[in-house]
$ cat protein38.pdb   # PDB, N, CA and C atoms
ATOM      1  N   MET A1344     -40.289 -58.024 -16.657
ATOM      2  CA  MET A1344     -39.665 -57.056 -17.554
ATOM      3  C   MET A1344     -38.362 -57.664 -18.074
ATOM      4  N   SER A1345     -38.193 -57.617 -19.379
ATOM      5  CA  SER A1345     -36.999 -58.201 -19.986
ATOM      6  C   SER A1345     -35.770 -57.336 -19.711
ATOM      7  N   ARG A1346     -34.635 -57.924 -19.905
ATOM      8  CA  ARG A1346     -33.381 -57.173 -19.710
ATOM      9  C   ARG A1346     -33.296 -55.995 -20.683
ATOM     10  N   PHE A1347     -33.812 -56.194 -21.882
ATOM     11  CA  PHE A1347     -33.822 -55.107 -22.863
ATOM     12  C   PHE A1347     -34.669 -53.947 -22.355
ATOM     13  N   ASP A1348     -35.857 -54.258 -21.813
ATOM     14  CA  ASP A1348     -36.730 -53.220 -21.272
ATOM     15  C   ASP A1348     -36.079 -52.520 -20.080
ATOM     16  N   GLN A1349     -35.384 -53.294 -19.262
ATOM     17  CA  GLN A1349     -34.688 -52.713 -18.111
ATOM     18  C   GLN A1349     -33.602 -51.757 -18.579
ATOM     19  N   ALA A1350     -32.833 -52.181 -19.567
ATOM     20  CA  ALA A1350     -31.763 -51.328 -20.093
ATOM     21  C   ALA A1350     -32.342 -50.055 -20.700
ATOM     22  N   LYS A1351     -33.453 -50.209 -21.419
ATOM     23  CA  LYS A1351     -34.108 -49.055 -22.030
ATOM     24  C   LYS A1351     -34.592 -48.072 -20.954
ATOM     25  N   MET A1352     -35.167 -48.616 -19.893
ATOM     26  CA  MET A1352     -35.661 -47.787 -18.801
ATOM     27  C   MET A1352     -34.506 -47.044 -18.120
ATOM     28  N   LEU A1353     -33.425 -47.739 -17.868
ATOM     29  CA  LEU A1353     -32.268 -47.091 -17.232
ATOM     30  C   LEU A1353     -31.686 -45.999 -18.126
ATOM     31  N   MET A1354     -31.718 -46.200 -19.427
ATOM     32  CA  MET A1354     -31.247 -45.160 -20.350
ATOM     33  C   MET A1354     -32.139 -43.928 -20.264
ATOM     34  N   ARG A1355     -33.445 -44.139 -20.137
ATOM     35  CA  ARG A1355     -34.381 -43.015 -20.010
ATOM     36  C   ARG A1355     -34.136 -42.261 -18.704
ATOM     37  N   VAL A1356     -33.855 -43.002 -17.627
ATOM     38  CA  VAL A1356     -33.567 -42.363 -16.341
ATOM     39  C   VAL A1356     -32.304 -41.520 -16.453
ATOM     40  N   LYS A1357     -31.276 -42.047 -17.074
ATOM     41  CA  LYS A1357     -30.024 -41.295 -17.235
ATOM     42  C   LYS A1357     -30.237 -40.049 -18.088
ATOM     43  N   LYS A1358     -31.109 -40.163 -19.098
ATOM     44  CA  LYS A1358     -31.405 -38.998 -19.940
ATOM     45  C   LYS A1358     -32.094 -37.914 -19.115
ATOM     46  N   ILE A1359     -33.048 -38.309 -18.282
ATOM     47  CA  ILE A1359     -33.743 -37.343 -17.427
ATOM     48  C   ILE A1359     -32.760 -36.700 -16.447
ATOM     49  N   GLN A1360     -31.872 -37.504 -15.874
ATOM     50  CA  GLN A1360     -30.867 -36.953 -14.959
ATOM     51  C   GLN A1360     -29.998 -35.922 -15.664
ATOM     52  N   SER A1361     -29.625 -36.208 -16.895
ATOM     53  CA  SER A1361     -28.813 -35.266 -17.670
ATOM     54  C   SER A1361     -29.581 -33.973 -17.927
ATOM     55  N   GLU A1362     -30.874 -34.096 -18.246
ATOM     56  CA  GLU A1362     -31.703 -32.913 -18.461
ATOM     57  C   GLU A1362     -31.793 -32.077 -17.187
ATOM     58  N   LEU A1363     -31.943 -32.733 -16.052
ATOM     59  CA  LEU A1363     -32.047 -32.022 -14.776
ATOM     60  C   LEU A1363     -30.740 -31.295 -14.442
ATOM     61  N   GLN A1364     -29.610 -31.903 -14.794
ATOM     62  CA  GLN A1364     -28.316 -31.263 -14.552
ATOM     63  C   GLN A1364     -28.181 -29.962 -15.333
ATOM     64  N   LYS A1365     -28.725 -29.948 -16.546
ATOM     65  CA  LYS A1365     -28.584 -28.791 -17.430
ATOM     66  C   LYS A1365     -29.616 -27.700 -17.162
ATOM     67  N   MET A1366     -30.701 -28.062 -16.492
ATOM     68  CA  MET A1366     -31.783 -27.129 -16.222
ATOM     69  C   MET A1366     -31.337 -26.060 -15.213
ATOM     70  N   VAL A1367     -31.780 -24.835 -15.411
ATOM     71  CA  VAL A1367     -31.477 -23.763 -14.467
ATOM     72  C   VAL A1367     -32.797 -23.189 -13.945
ATOM     73  N   ILE A1368     -32.926 -23.202 -12.641
ATOM     74  CA  ILE A1368     -34.092 -22.643 -11.969
ATOM     75  C   ILE A1368     -33.621 -21.365 -11.290
ATOM     76  N   GLU A1369     -34.306 -20.275 -11.571
ATOM     77  CA  GLU A1369     -33.914 -18.979 -11.015
ATOM     78  C   GLU A1369     -35.058 -18.440 -10.159
ATOM     79  N   VAL A1370     -34.705 -18.029  -8.947
ATOM     80  CA  VAL A1370     -35.696 -17.474  -8.018
ATOM     81  C   VAL A1370     -35.173 -16.139  -7.504
ATOM     82  N   GLU A1371     -36.058 -15.137  -7.493
ATOM     83  CA  GLU A1371     -35.718 -13.811  -6.970
ATOM     84  C   GLU A1371     -36.550 -13.513  -5.742
ATOM     85  N   LYS A1372     -35.951 -12.798  -4.811
ATOM     86  CA  LYS A1372     -36.651 -12.319  -3.612
ATOM     87  C   LYS A1372     -36.246 -10.876  -3.367
ATOM     88  N   GLY A1373     -37.078 -10.174  -2.603
ATOM     89  CA  GLY A1373     -36.788  -8.779  -2.270
ATOM     90  C   GLY A1373     -36.783  -7.882  -3.484
ATOM     91  N   ASP A1374     -37.742  -8.106  -4.405
ATOM     92  CA  ASP A1374     -37.827  -7.304  -5.640
ATOM     93  C   ASP A1374     -36.505  -7.299  -6.404
ATOM     94  N   GLY A1375     -35.868  -8.462  -6.462
ATOM     95  CA  GLY A1375     -34.623  -8.594  -7.215
ATOM     96  C   GLY A1375     -33.365  -8.349  -6.406
ATOM     97  N   ALA A1376     -33.500  -8.089  -5.124
ATOM     98  CA  ALA A1376     -32.322  -7.862  -4.290
ATOM     99  C   ALA A1376     -31.475  -9.129  -4.193
ATOM    100  N   VAL A1377     -32.142 -10.279  -4.205
ATOM    101  CA  VAL A1377     -31.466 -11.571  -4.110
ATOM    102  C   VAL A1377     -31.965 -12.453  -5.244
ATOM    103  N   ARG A1378     -31.024 -13.103  -5.919
ATOM    104  CA  ARG A1378     -31.379 -14.059  -6.973
ATOM    105  C   ARG A1378     -30.500 -15.294  -6.808
ATOM    106  N   VAL A1379     -31.127 -16.456  -6.804
ATOM    107  CA  VAL A1379     -30.368 -17.703  -6.735
ATOM    108  C   VAL A1379     -30.660 -18.528  -7.977
ATOM    109  N   GLU A1380     -29.646 -19.257  -8.408
ATOM    110  CA  GLU A1380     -29.791 -20.174  -9.527
ATOM    111  C   GLU A1380     -29.422 -21.568  -9.037
ATOM    112  N   MET A1381     -30.281 -22.525  -9.376
ATOM    113  CA  MET A1381     -30.082 -23.896  -8.957
ATOM    114  C   MET A1381     -30.406 -24.786 -10.155
ATOM    115  N   ASN A1382     -29.729 -25.928 -10.255
ATOM    116  CA  ASN A1382     -30.088 -26.826 -11.344
ATOM    117  C   ASN A1382     -31.164 -27.798 -10.877
ATOM    118  N   GLY A1383     -31.633 -28.634 -11.784
ATOM    119  CA  GLY A1383     -32.702 -29.570 -11.480
ATOM    120  C   GLY A1383     -32.312 -30.668 -10.516
ATOM    121  N   GLU A1384     -31.030 -30.775 -10.223
ATOM    122  CA  GLU A1384     -30.549 -31.742  -9.236
ATOM    123  C   GLU A1384     -30.392 -31.104  -7.853
ATOM    124  N   GLN A1385     -30.907 -29.920  -7.702
ATOM    125  CA  GLN A1385     -30.879 -29.165  -6.453
ATOM    126  C   GLN A1385     -29.465 -28.761  -6.031
ATOM    127  N   LYS A1386     -28.626 -28.533  -7.020
ATOM    128  CA  LYS A1386     -27.285 -28.030  -6.743
ATOM    129  C   LYS A1386     -27.295 -26.527  -6.968
ATOM    130  N   LEU A1387     -26.924 -25.790  -5.938
ATOM    131  CA  LEU A1387     -26.886 -24.337  -6.010
ATOM    132  C   LEU A1387     -25.757 -23.924  -6.947
ATOM    133  N   LYS A1388     -26.090 -23.144  -7.962
ATOM    134  CA  LYS A1388     -25.114 -22.743  -8.967
ATOM    135  C   LYS A1388     -24.599 -21.322  -8.747
ATOM    136  N   LYS A1389     -25.506 -20.420  -8.336
ATOM    137  CA  LYS A1389     -25.095 -19.024  -8.221
ATOM    138  C   LYS A1389     -26.010 -18.289  -7.261
ATOM    139  N   VAL A1390     -25.426 -17.375  -6.511
ATOM    140  CA  VAL A1390     -26.178 -16.459  -5.661
ATOM    141  C   VAL A1390     -25.765 -15.053  -6.062
ATOM    142  N   HIS A1391     -26.753 -14.228  -6.367
ATOM    143  CA  HIS A1391     -26.475 -12.832  -6.740
ATOM    144  C   HIS A1391     -27.199 -11.924  -5.751
ATOM    145  N   ILE A1392     -26.470 -10.941  -5.239
ATOM    146  CA  ILE A1392     -27.050  -9.948  -4.335
ATOM    147  C   ILE A1392     -26.825  -8.575  -4.959
ATOM    148  N   ASP A1393     -27.895  -7.838  -5.147
ATOM    149  CA  ASP A1393     -27.819  -6.490  -5.703
ATOM    150  C   ASP A1393     -27.493  -5.532  -4.551
ATOM    151  N   PRO A1394     -26.287  -5.004  -4.506
ATOM    152  CA  PRO A1394     -25.883  -4.159  -3.380
ATOM    153  C   PRO A1394     -26.719  -2.882  -3.248
ATOM    154  N   ASP A1395     -27.284  -2.415  -4.351
ATOM    155  CA  ASP A1395     -28.104  -1.207  -4.296
ATOM    156  C   ASP A1395     -29.467  -1.459  -3.654
ATOM    157  N   SER A1396     -29.860  -2.718  -3.575
ATOM    158  CA  SER A1396     -31.173  -3.070  -3.027
ATOM    159  C   SER A1396     -31.110  -3.613  -1.604
ATOM    160  N   VAL A1397     -29.921  -3.658  -1.040
ATOM    161  CA  VAL A1397     -29.741  -4.246   0.286
ATOM    162  C   VAL A1397     -29.438  -3.157   1.307
ATOM    163  N   ASP A1398     -30.159  -3.199   2.406
ATOM    164  CA  ASP A1398     -29.921  -2.282   3.522
ATOM    165  C   ASP A1398     -28.950  -2.967   4.484
ATOM    166  N   LEU A1399     -27.726  -2.477   4.537
ATOM    167  CA  LEU A1399     -26.714  -3.097   5.397
ATOM    168  C   LEU A1399     -27.054  -2.994   6.882
ATOM    169  N   GLU A1400     -27.994  -2.126   7.200
ATOM    170  CA  GLU A1400     -28.446  -2.004   8.589
ATOM    171  C   GLU A1400     -29.434  -3.126   8.949
ATOM    172  N   ASP A1401     -29.909  -3.847   7.941
ATOM    173  CA  ASP A1401     -30.888  -4.910   8.172
ATOM    174  C   ASP A1401     -30.422  -6.208   7.500
ATOM    175  N   ILE A1402     -29.339  -6.750   7.991
ATOM    176  CA  ILE A1402     -28.786  -7.996   7.447
ATOM    177  C   ILE A1402     -29.773  -9.144   7.638
ATOM    178  N   GLY A1403     -30.578  -9.084   8.674
ATOM    179  CA  GLY A1403     -31.584 -10.117   8.914
ATOM    180  C   GLY A1403     -32.533 -10.259   7.727
ATOM    181  N   GLN A1404     -32.912  -9.137   7.124
ATOM    182  CA  GLN A1404     -33.801  -9.190   5.952
ATOM    183  C   GLN A1404     -33.104  -9.880   4.793
ATOM    184  N   LEU A1405     -31.845  -9.567   4.574
ATOM    185  CA  LEU A1405     -31.068 -10.211   3.515
ATOM    186  C   LEU A1405     -30.995 -11.718   3.748
ATOM    187  N   GLU A1406     -30.760 -12.114   4.980
ATOM    188  CA  GLU A1406     -30.703 -13.541   5.313
ATOM    189  C   GLU A1406     -32.043 -14.223   5.025
ATOM    190  N   ARG A1407     -33.145 -13.571   5.369
ATOM    191  CA  ARG A1407     -34.469 -14.151   5.103
ATOM    192  C   ARG A1407     -34.719 -14.288   3.602
ATOM    193  N   TRP A1408     -34.329 -13.264   2.827
ATOM    194  CA  TRP A1408     -34.493 -13.349   1.375
ATOM    195  C   TRP A1408     -33.696 -14.521   0.807
ATOM    196  N   LEU A1409     -32.460 -14.660   1.280
ATOM    197  CA  LEU A1409     -31.629 -15.771   0.809
ATOM    198  C   LEU A1409     -32.246 -17.120   1.168
ATOM    199  N   GLU A1410     -32.656 -17.269   2.415
ATOM    200  CA  GLU A1410     -33.282 -18.520   2.850
ATOM    201  C   GLU A1410     -34.519 -18.826   2.011
ATOM    202  N   ASP A1411     -35.379 -17.834   1.829
ATOM    203  CA  ASP A1411     -36.615 -18.030   1.075
ATOM    204  C   ASP A1411     -36.328 -18.384  -0.388
ATOM    205  N   ALA A1412     -35.361 -17.709  -0.983
ATOM    206  CA  ALA A1412     -35.031 -17.971  -2.381
ATOM    207  C   ALA A1412     -34.492 -19.392  -2.550
ATOM    208  N   ILE A1413     -33.626 -19.816  -1.641
ATOM    209  CA  ILE A1413     -33.061 -21.166  -1.726
ATOM    210  C   ILE A1413     -34.143 -22.210  -1.495
ATOM    211  N   LYS A1414     -34.996 -21.998  -0.501
ATOM    212  CA  LYS A1414     -36.093 -22.944  -0.243
ATOM    213  C   LYS A1414     -37.021 -23.057  -1.450
ATOM    214  N   ASP A1415     -37.366 -21.922  -2.054
ATOM    215  CA  ASP A1415     -38.260 -21.935  -3.212
ATOM    216  C   ASP A1415     -37.608 -22.628  -4.412
ATOM    217  N   ALA A1416     -36.314 -22.404  -4.612
ATOM    218  CA  ALA A1416     -35.606 -23.047  -5.723
ATOM    219  C   ALA A1416     -35.557 -24.566  -5.519
ATOM    220  N   ILE A1417     -35.323 -24.996  -4.290
ATOM    221  CA  ILE A1417     -35.317 -26.430  -3.996
ATOM    222  C   ILE A1417     -36.697 -27.022  -4.256
ATOM    223  N   LYS A1418     -37.724 -26.356  -3.777
ATOM    224  CA  LYS A1418     -39.094 -26.846  -3.967
ATOM    225  C   LYS A1418     -39.430 -26.953  -5.451
ATOM    226  N   GLU A1419     -39.079 -25.936  -6.208
ATOM    227  CA  GLU A1419     -39.366 -25.947  -7.645
ATOM    228  C   GLU A1419     -38.597 -27.058  -8.350
ATOM    229  N   SER A1420     -37.327 -27.255  -7.977
ATOM    230  CA  SER A1420     -36.543 -28.317  -8.608
ATOM    231  C   SER A1420     -37.090 -29.694  -8.255
ATOM    232  N   GLN A1421     -37.584 -29.860  -7.034
ATOM    233  CA  GLN A1421     -38.191 -31.131  -6.639
ATOM    234  C   GLN A1421     -39.457 -31.402  -7.446
ATOM    235  N   GLN A1422     -40.259 -30.369  -7.636
ATOM    236  CA  GLN A1422     -41.495 -30.526  -8.409
ATOM    237  C   GLN A1422     -41.196 -30.903  -9.855
ATOM    238  N   ILE A1423     -40.218 -30.244 -10.445
ATOM    239  CA  ILE A1423     -39.852 -30.530 -11.832
ATOM    240  C   ILE A1423     -39.330 -31.961 -11.965
ATOM    241  N   ALA A1424     -38.451 -32.368 -11.043
ATOM    242  CA  ALA A1424     -37.911 -33.729 -11.083
ATOM    243  C   ALA A1424     -39.025 -34.757 -10.920
ATOM    244  N   ALA A1425     -39.951 -34.496 -10.002
ATOM    245  CA  ALA A1425     -41.062 -35.428  -9.776
ATOM    246  C   ALA A1425     -41.928 -35.542 -11.030
ATOM    247  N   GLU A1426     -42.185 -34.426 -11.687
ATOM    248  CA  GLU A1426     -42.992 -34.443 -12.906
ATOM    249  C   GLU A1426     -42.310 -35.243 -14.014
ATOM    250  N   LYS A1427     -40.997 -35.068 -14.141
ATOM    251  CA  LYS A1427     -40.266 -35.788 -15.182
ATOM    252  C   LYS A1427     -40.185 -37.283 -14.892
ATOM    253  N   MET A1428     -40.096 -37.642 -13.624
ATOM    254  CA  MET A1428     -39.937 -39.043 -13.248
ATOM    255  C   MET A1428     -41.269 -39.778 -13.074
ATOM    256  N   GLN A1429     -42.349 -39.061 -12.893
ATOM    257  CA  GLN A1429     -43.651 -39.671 -12.597
ATOM    258  C   GLN A1429     -44.043 -40.777 -13.570
ATOM    259  N   PRO A1430     -43.934 -40.568 -14.876
ATOM    260  CA  PRO A1430     -44.368 -41.623 -15.800
ATOM    261  C   PRO A1430     -43.565 -42.924 -15.661
ATOM    262  N   MET A1431     -42.401 -42.843 -15.075
ATOM    263  CA  MET A1431     -41.530 -44.020 -14.996
ATOM    264  C   MET A1431     -41.530 -44.690 -13.624
ATOM    265  N   MET A1432     -42.210 -44.144 -12.663
ATOM    266  CA  MET A1432     -42.125 -44.660 -11.294
ATOM    267  C   MET A1432     -42.568 -46.121 -11.180
ATOM    268  N   GLY A1433     -43.624 -46.487 -11.842
ATOM    269  CA  GLY A1433     -44.082 -47.877 -11.776
ATOM    270  C   GLY A1433     -43.059 -48.834 -12.331
ATOM    271  N   ALA A1434     -42.488 -48.485 -13.474
ATOM    272  CA  ALA A1434     -41.491 -49.343 -14.097
ATOM    273  C   ALA A1434     -40.220 -49.426 -13.254
ATOM    274  N   LEU A1435     -39.834 -48.328 -12.619
ATOM    275  CA  LEU A1435     -38.638 -48.340 -11.771
ATOM    276  C   LEU A1435     -38.811 -49.240 -10.558
ATOM    277  N   SER A1436     -40.010 -49.275 -10.020
ATOM    278  CA  SER A1436     -40.232 -50.134  -8.849
ATOM    279  C   SER A1436     -40.075 -51.604  -9.242
ATOM    280  N   ASN A1437     -40.383 -51.940 -10.494
ATOM    281  CA  ASN A1437     -40.187 -53.313 -10.977
ATOM    282  C   ASN A1437     -38.703 -53.661 -11.088
ATOM    283  N   LEU A1438     -37.864 -52.643 -11.210
ATOM    284  CA  LEU A1438     -36.411 -52.869 -11.296
ATOM    285  C   LEU A1438     -35.776 -52.918  -9.901
ATOM    286  N   GLY A1439     -36.543 -52.626  -8.896
ATOM    287  CA  GLY A1439     -35.987 -52.611  -7.543
ATOM    288  C   GLY A1439     -35.331 -51.299  -7.192
ATOM    289  N   LEU A1440     -35.634 -50.233  -7.939
ATOM    290  CA  LEU A1440     -35.050 -48.912  -7.658
ATOM    291  C   LEU A1440     -36.006 -48.057  -6.891
TER     292      LEU A1440
END
$ encode --input "protein38.pdb" --output "structure tokens"
Amino acid sequence: MSRFDQAKMLMRVKKIQSELQKMVIEVEKGDGAVRVEMNGEQKLKKVHIDPDSVDLEDIGQLERWLEDAIKDAIKESQQIAAEKMQPMMGALSNLGL
């Protein structure tokens, strides 16, 4: 692979990284009681809890909703990143990345 091709490939990777940074993945649990927002880089951006939908006598349920929402958002962001990077994986391995 020529240096030009390598530079072009790295530019495409940086573009995908930028797209992932701007992407927002939103997951709700507990019929909207908990909502988390995460970007495509798996950085948690926001957690929203609807106080009208939460039973303060059952904090354990709230914790489970939060855990599930965060896990699902991470899984979804990983899938999206993998899909975006898949076409380039062979070329990246030639670069030693």
$ resolve_selection --input "protein38.pdb" --expression "the PyMOL selection byres ((chain A and resi 1393) around 7)" --output "ChimeraX atom specification"
/A:1375-1378,1391-1392,1394-1397
$ residues_around --input "protein38.pdb" --residues "stretch 1365-1367 of chain A" --least-positions-apart "3" --cutoff "8 Å" --atoms "all atoms listed in the file" --output "list in words"
Ile1359, Gln1360, Ser1361, Glu1362, Val1370, Val1379, Glu1380, Met1381, Asn1382, Gly1383 and Glu1384 of chain A
$ axis_aligned_box --input "protein38.pdb" --around "stretch 1376-1381 of chain A" --padding-each-side "8 Å" --output "lines of an AutoDock Vina configuration file"
center_x = -31.5
center_y = -16.3
center_z = -7.1
size_x = 20.1
size_y = 32.9
size_z = 22.0
$ select_by_dssp --input "protein38.pdb" --residues "stretch 1357-1440 of chain A" --states "helix (DSSP H, G or I)" --output "VMD selection string"
chain A and resid 1357 to 1365 1394 to 1396 1402 to 1437
$ atom_distance --input "protein38.pdb" --atom1 "atom CA of A:Trp1408" --atom2 "atom CA of A:Lys1372"
5.5 Å
$ atom_distance --input "protein38.pdb" --atom1 "atom CA of A:Ala1412" --atom2 "atom CA of A:Glu1371"
6.2 Å
$ atom_distance --input "protein38.pdb" --atom1 "atom CA of A:Ser1420" --atom2 "atom CA of A:Ile1368"
7.0 Å
